[in-house]
Structures are given as structure tokens and as C-alpha cells.
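> Following this message is one structure expressed as C-alpha cells.
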Amino acid sequence: MLVKKLVATGLAVAISLGLAACDPPLPPEILAAQAEKTVTCIDGDVTVSAPDVISDVIDSWSTSLTGACSGMTLTKVAEGDKTAQAVISLGTALPADCTPFAAFPVAEDAGVIAYTLTDAPNLVLTPQNVQDIFSGKVTNWSDPSIAASNPDATLPSLPISVVGTPQQSEIDALAAWFKKVGVAFTPTLAKVTAVDSGAALANLAEGQLAITSFSNALYAYSTVAAIQVGKDLATADVSGVQLGADKAAAKPKAGDPIGYGATYPVTLSLCGAENATLRAFGRFVIRQDSQGALGSAVIAAVPDSERVKSIAIAEKGLPKPKG
């Protein structure tokens, strides 16, 4: 009798395991939806540093976090502050004082081409146009190659003036995208710096253009060029950046918008020794409702396919939340 029970139990386990093994993995949107039902609260204060362009987002997260977890608070400190336990970086190197025990994307930024041309408010450039301009091959806005990309615009006979100080992440994002369409991007006229403050965008004169970040351009109300890829037009707006960052996105059908491909992640680094309060903060800001606060900011939310990956990193070792 005992043998029969053991055999029956073994068969039940085997069948159960077999069924589990056959179950397909849940799609990212389902996993993301499940993750929104709970909040993990670990009491304590978190000091956070971030660039000025997303300062308002930190304030919004702070209010929401304390509302959800009465024992958790955020203290915002200046970018580069050595006391920061959590560092949000827009493609820049981490401060020397931060050795992260965990890091993951919490938003998306992109490399863009900001410009000022009164008579061409909807400028379109191909990857080859961008390469030719920033390598010094094309020096006037009336060049036939630019005119061919903008048949409905009246381009002035005006020297092209390259300004700005892009950071490497912006260059690398554009280069990686252009490489996919067969254009090697080597912007020899770009003066690369460690951190692109976007200062040049405040006073872009007629005929000037700059490689900068999507966040800087949006913050400065700069006009940015759309990029023509074959027959498709990629627009550097929030939806275009988010779609461009979605590695699981289906190939667009004819007539569908394509993603703006020159994206790079905005990373949250949790510094120092393993810390559950910091992980709980990271888990909170990657929630869908926290991501919604980015809608009024100058960066794009993380696509669900990538957000699920961030959730897995952030919540490692955290207790399962209740309810």
C-alpha cells in the first residue's frame, strides 16, 4: 500500500513538473502588470543625486514613495555629491565614490541633432547627411544632398556652424544606429566632453546645430532633426525614443512609425554595500506608476520588455510585499 502511494505521488509530481516545463514563459507585459500590484517598503532615507533636467521627477517620486511607505524618505542632493547612495546618470560616468552593488535602467535618453533654421522647422537628415555635416564634408545648408532630404523646405545659402559639447554616450548611440544602416559615423567636428550640459542650446544662432541629448534638447525647447532611414522617418520625441529602446518590439509594418534608434539607458546605480532600503527605492521607481511621472519630464519611460529586466535586478533579495 505504501509503495502504491509513493508511486502515485511520484507520478503526480512528474506530471506536475512536465506540465510546468511545457508552460510558455509569460510575456513581458503580463509580468510587468503583475509587478504593479505590490509595493515593497523598507524603512529608511535614501540620498539621491540626479541631473538638474530631471530634478522635478525626483520630487514627484519622493512624494509618491512617502505616500506609499510612511517610513521611507528621499533626500535629493546635487549631481556629483559624494553622499549620494543612489545615483541617476544620463549616460555619464559614475562618481568615483560610487561603487554600485546594483545598477539598471530607469528611463531612456537619446542622441539627437538640435538646430536652428527659421525656414526649415521640420528638418530631415539622413545618417549620411549627419556624417557629412559633422565630418566637415558638407558646409552649407544649401548643399544639394541636404536639399534632397528636404524637398518641401527652402534651405538658405548659409554656412553650417557646428557647436556644442556632446558626451560620448550621445555619439555612441548615433554611431550604433547608423552602423545598422551602413553609415560609419565619425563626427570629427564634435568636441566631446565628459558631461554634456546642453549650455550651447540656450543661444543657438541661425544656421547652428549640435549633437546633444534628447533630454537637453527638450529641456531647452530646442528643435531637433528627424532622421530618414530608407523610406521611413524616425522622430526624436518621447514615443519615438521609447519605441527605439524597445528591443522586443515587433518589426514595424509598412506605414507604421519606426523607433528613434539612437537611444541609451538612464541608469540608476545603488552605491556601496548591499542595502535593502536602496533596493526598495529602486524597485519603486521602476514601477509603472512611478514611470508615469516621466511623462512630464524630459526623458522617456523604459519599455515594458526592458522594465521587466530592471525589476528583476532591483528586487533581488527583497521580501515579498503584502497585498
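Here's how to read the names in the C-alpha cells: chain A, B, ... by the order shown, residue numbers from 1 in each chain, ligand numbers from 1 in the order shown.
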Please report, as a tab-separated table, each residue of region 200-243 of chain A lying at most 6 Å from region 111-115 of chain A, together with the nearest pair of atoms and the separation in Å rounded to one decimal; use only C-alpha atoms, and order rows by chain and ascending residue number.

```
residue	atom	partner	partner_atom	distance
A:Gln208	CA	A:Tyr115	CA	5.7
A:Leu209	CA	A:Tyr115	CA	4.0
A:Ala210	CA	A:Ala114	CA	5.3
A:Ile211	CA	A:Ile113	CA	4.8
A:Thr212	CA	A:Val112	CA	5.6
A:Ser213	CA	A:Gly111	CA	4.7
A:Phe214	CA	A:Val112	CA	5.7
A:Thr223	CA	A:Ala114	CA	5.6
A:Val224	CA	A:Ala114	CA	4.3
A:Ala225	CA	A:Ile113	CA	5.6
```
> Please produce an output containing C-alpha atoms for each residue in the selection, written as a CSV table (one decimal), in the first residue's frame.

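Final output, again_15.csv:
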```csv
chain,number,residue,atom,x,y,z
A,208,GLN,CA,24.0,76.4,-35.9
A,209,LEU,CA,23.5,72.8,-34.9
A,210,ALA,CA,24.8,70.5,-32.2
A,211,ILE,CA,24.8,66.8,-31.2
A,212,THR,CA,23.2,66.7,-27.8
A,213,SER,CA,20.9,64.5,-25.7
A,214,PHE,CA,17.1,64.3,-26.2
A,223,THR,CA,14.2,72.0,-32.4
A,224,VAL,CA,15.6,68.6,-33.4
A,225,ALA,CA,16.0,66.9,-36.8
```
> Looking only at strand (DSSP E) from DSSP on the backbone, list the matching residues of region 31-106 of chain A as an MDAnalysis selection string.
chainID A and resid 44:49 72:77 86:89 100:106
> Under the rule that only C-alpha atoms are counted, which of A:Ser290, A:Ser70, A:Thr263, A:Ser64 is the nearest residue to Ala110 (chain A)?
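For Ala110 (chain A), the nearest of the given residues is A:Thr263.
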> With DSSP run on the backbone, what are the helix (DSSP H, G or I) residues within region 34-261 of chain A? I'd like them as a ChimeraX atom specification.
/A:34-35,52-68,127-134,144-149,168-180,199-203,214-219,238-245
> Using only C-alpha atoms, can you tell me which of A:Pro187, A:Glu315, A:Leu218, A:Phe284 comes closest to Thr66 (chain A)?
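Nearest candidate to Thr66 (chain A) out of A:Pro187, A:Glu315, A:Leu218, A:Phe284: A:Phe284.
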> Name all residues at most 10 Å from Gly244 (chain A) (count only C-alpha atoms; drop same-chain ones fewer than 4 positions away) and give them as a ChimeraX atom specification.
/A:108,110,177,234-236,238-240,249,258-264,303
> Just N, CA and C atoms for this one: save the residues we selected as an mmCIF file, in the first residue's frame.

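This went into again21.cif:
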```cif
data_model
loop_
_atom_site.group_PDB
_atom_site.id
_atom_site.type_symbol
_atom_site.label_atom_id
_atom_site.label_comp_id
_atom_site.auth_asym_id
_atom_site.auth_seq_id
_atom_site.Cartn_x
_atom_site.Cartn_y
_atom_site.Cartn_z
ATOM 1 N N GLU A 108 14.933 56.291 -20.469
ATOM 2 C CA GLU A 108 15.673 56.237 -21.729
ATOM 3 C C GLU A 108 15.958 57.650 -22.232
ATOM 4 N N ALA A 110 18.490 59.771 -25.528
ATOM 5 C CA ALA A 110 18.935 59.520 -26.897
ATOM 6 C C ALA A 110 19.863 60.629 -27.371
ATOM 7 N N TRP A 177 23.410 53.203 -34.180
ATOM 8 C CA TRP A 177 22.212 53.202 -35.022
ATOM 9 C C TRP A 177 22.587 53.320 -36.494
ATOM 10 N N ALA A 234 12.212 58.626 -38.660
ATOM 11 C CA ALA A 234 12.283 58.425 -37.212
ATOM 12 C C ALA A 234 12.276 59.778 -36.523
ATOM 13 N N THR A 235 11.336 59.970 -35.620
ATOM 14 C CA THR A 235 11.169 61.243 -34.930
ATOM 15 C C THR A 235 11.698 61.153 -33.512
ATOM 16 N N ALA A 236 12.479 62.143 -33.108
ATOM 17 C CA ALA A 236 13.047 62.168 -31.755
ATOM 18 C C ALA A 236 12.066 62.816 -30.792
ATOM 19 N N VAL A 238 9.134 61.560 -27.400
ATOM 20 C CA VAL A 238 9.077 60.569 -26.325
ATOM 21 C C VAL A 238 8.684 59.192 -26.853
ATOM 22 N N SER A 239 7.660 59.126 -27.690
ATOM 23 C CA SER A 239 7.217 57.822 -28.199
ATOM 24 C C SER A 239 8.260 57.213 -29.119
ATOM 25 N N GLY A 240 8.928 58.047 -29.926
ATOM 26 C CA GLY A 240 9.967 57.547 -30.815
ATOM 27 C C GLY A 240 11.148 56.986 -30.058
ATOM 28 N N ALA A 249 10.417 44.941 -29.537
ATOM 29 C CA ALA A 249 9.367 45.467 -30.413
ATOM 30 C C ALA A 249 9.327 44.697 -31.736
ATOM 31 N N ILE A 258 8.527 54.178 -37.023
ATOM 32 C CA ILE A 258 9.696 53.415 -36.581
ATOM 33 C C ILE A 258 10.299 54.102 -35.364
ATOM 34 N N GLY A 259 11.018 53.349 -34.581
ATOM 35 C CA GLY A 259 11.639 53.902 -33.394
ATOM 36 C C GLY A 259 12.835 54.771 -33.734
ATOM 37 N N TYR A 260 13.087 55.752 -32.867
ATOM 38 C CA TYR A 260 14.295 56.567 -32.988
ATOM 39 C C TYR A 260 15.422 55.755 -32.358
ATOM 40 N N GLY A 261 16.333 55.278 -33.184
ATOM 41 C CA GLY A 261 17.249 54.239 -32.758
ATOM 42 C C GLY A 261 18.463 54.644 -31.950
ATOM 43 N N ALA A 262 18.729 55.936 -31.808
ATOM 44 C CA ALA A 262 19.956 56.370 -31.126
ATOM 45 C C ALA A 262 19.729 56.528 -29.629
ATOM 46 N N THR A 263 19.223 55.475 -28.995
ATOM 47 C CA THR A 263 18.870 55.565 -27.575
ATOM 48 C C THR A 263 19.965 54.987 -26.685
ATOM 49 N N TYR A 264 19.931 55.409 -25.433
ATOM 50 C CA TYR A 264 20.796 54.815 -24.411
ATOM 51 C C TYR A 264 20.086 54.934 -23.062
ATOM 52 N N PRO A 303 10.679 50.868 -21.825
ATOM 53 C CA PRO A 303 9.687 49.946 -22.399
ATOM 54 C C PRO A 303 9.481 48.744 -21.489
#
```
> Give one line per residue of region 200-315 of chain A that approaches region 80-104 of chain A to at most 8 Å, naming the two atoms of the closest pair and their distance in Å to one decimal, counting only C-alpha atoms; sort by chain then ascending residue number and deliver it as a Markdown table.

```
| residue | atom | partner | partner_atom | distance |
| --- | --- | --- | --- | --- |
| A:Tyr264 | CA | A:Gly91 | CA | 6.9 |
| A:Pro265 | CA | A:Gly91 | CA | 6.8 |
| A:Val266 | CA | A:Leu90 | CA | 4.8 |
| A:Thr267 | CA | A:Phe104 | CA | 5.4 |
| A:Leu268 | CA | A:Ile88 | CA | 4.5 |
| A:Ser269 | CA | A:Ala103 | CA | 4.3 |
| A:Leu270 | CA | A:Ala86 | CA | 4.7 |
| A:Cys271 | CA | A:Pro100 | CA | 4.1 |
| A:Gly272 | CA | A:Thr99 | CA | 5.6 |
| A:Ala273 | CA | A:Phe101 | CA | 6.5 |
| A:Glu274 | CA | A:Phe101 | CA | 6.1 |
| A:Leu278 | CA | A:Ala86 | CA | 7.2 |
| A:Ser310 | CA | A:Phe104 | CA | 5.4 |
| A:Ile313 | CA | A:Phe104 | CA | 7.0 |
| A:Ala314 | CA | A:Ala102 | CA | 7.3 |
```
> Show me, as an mmCIF file with C-alpha atoms, in the first residue's frame, the residues that have an atom within 9 Å of region 53-62 of chain A when counting only C-alpha atoms, minus same-chain residues fewer than 6 positions from it.

```cif
data_model
loop_
_atom_site.group_PDB
_atom_site.id
_atom_site.type_symbol
_atom_site.label_atom_id
_atom_site.label_comp_id
_atom_site.auth_asym_id
_atom_site.auth_seq_id
_atom_site.Cartn_x
_atom_site.Cartn_y
_atom_site.Cartn_z
ATOM 1 C CA MET A 72 10.704 55.748 3.593
ATOM 2 C CA THR A 73 12.015 59.160 2.518
ATOM 3 C CA LEU A 74 14.199 60.587 -0.229
ATOM 4 C CA THR A 75 16.793 63.306 0.208
ATOM 5 C CA LYS A 76 17.772 64.950 -3.064
ATOM 6 C CA SER A 215 16.748 65.392 -22.553
ATOM 7 C CA ASN A 216 18.890 68.505 -23.051
ATOM 8 C CA TYR A 219 14.716 70.943 -21.567
ATOM 9 C CA PHE A 284 9.610 51.665 -6.551
ATOM 10 C CA VAL A 285 10.897 53.944 -9.325
ATOM 11 C CA SER A 290 6.442 55.842 -10.962
ATOM 12 C CA ALA A 293 5.963 60.666 -13.629
ATOM 13 C CA LEU A 294 8.405 60.753 -16.535
ATOM 14 C CA SER A 296 6.022 65.435 -17.648
ATOM 15 C CA ALA A 297 9.813 65.185 -17.751
ATOM 16 C CA VAL A 298 12.423 65.287 -20.495
ATOM 17 C CA ILE A 299 13.247 61.591 -20.730
#
```
> Give me, please, the distance in Å between CA of Thr118 (chain A) and CA of Ser142 (chain A), quoted to one decimal.
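Between CA of Thr118 (chain A) and CA of Ser142 (chain A) the gap works out to 13.8 Å.
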> Find the residues near Leu125 (chain A): any atom within 7 Å, counting only C-alpha atoms, skip ones fewer than 6 places away on the same chain, and give them as number ranges by chain.
A: 146, 149, 225-228
> Skipping near chain neighbours, those fewer than 2 positions away, what residues fall within 6 Å of region 196-202 of chain A using only C-alpha atoms, listed as number ranges by chain?
A: 164-167, 204, 216
> Any chance you could export the current selection's N, CA and C atoms as a short mmCIF file (atom, residue, chain, number, x, y, z; two decimals), in the first residue's frame?

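The file below, again08.cif, is the result:
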```cif
data_model
loop_
_atom_site.label_atom_id
_atom_site.label_comp_id
_atom_site.auth_asym_id
_atom_site.auth_seq_id
_atom_site.Cartn_x
_atom_site.Cartn_y
_atom_site.Cartn_z
N GLY A 164 28.38 73.13 -29.60
CA GLY A 164 28.01 72.17 -28.56
C GLY A 164 29.16 71.29 -28.14
N THR A 165 28.94 70.60 -27.03
CA THR A 165 29.94 69.69 -26.47
C THR A 165 29.25 68.39 -26.08
N PRO A 166 29.02 67.51 -27.05
CA PRO A 166 28.33 66.26 -26.76
C PRO A 166 29.16 65.34 -25.88
N GLN A 167 28.47 64.46 -25.16
CA GLN A 167 29.18 63.45 -24.39
C GLN A 167 29.22 62.15 -25.19
N LEU A 204 21.31 78.98 -29.54
CA LEU A 204 21.64 78.50 -30.88
C LEU A 204 21.28 79.57 -31.90
N ASN A 216 18.42 67.12 -22.99
CA ASN A 216 18.89 68.51 -23.05
C ASN A 216 18.08 69.32 -24.05
#
```
> Expressed in Å to a single decimal, how great is the separation between CA of Asp237 (chain A) and CA of Asn140 (chain A)?
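Result for CA of Asp237 (chain A) versus CA of Asn140 (chain A): 26.6 Å, one decimal.
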> Taking into account only C-alpha atoms, which residue in the set A:Ile133, A:Ala254, A:Leu65, A:Ala78 is nearest to Asp52 (chain A)?
A:Ala78
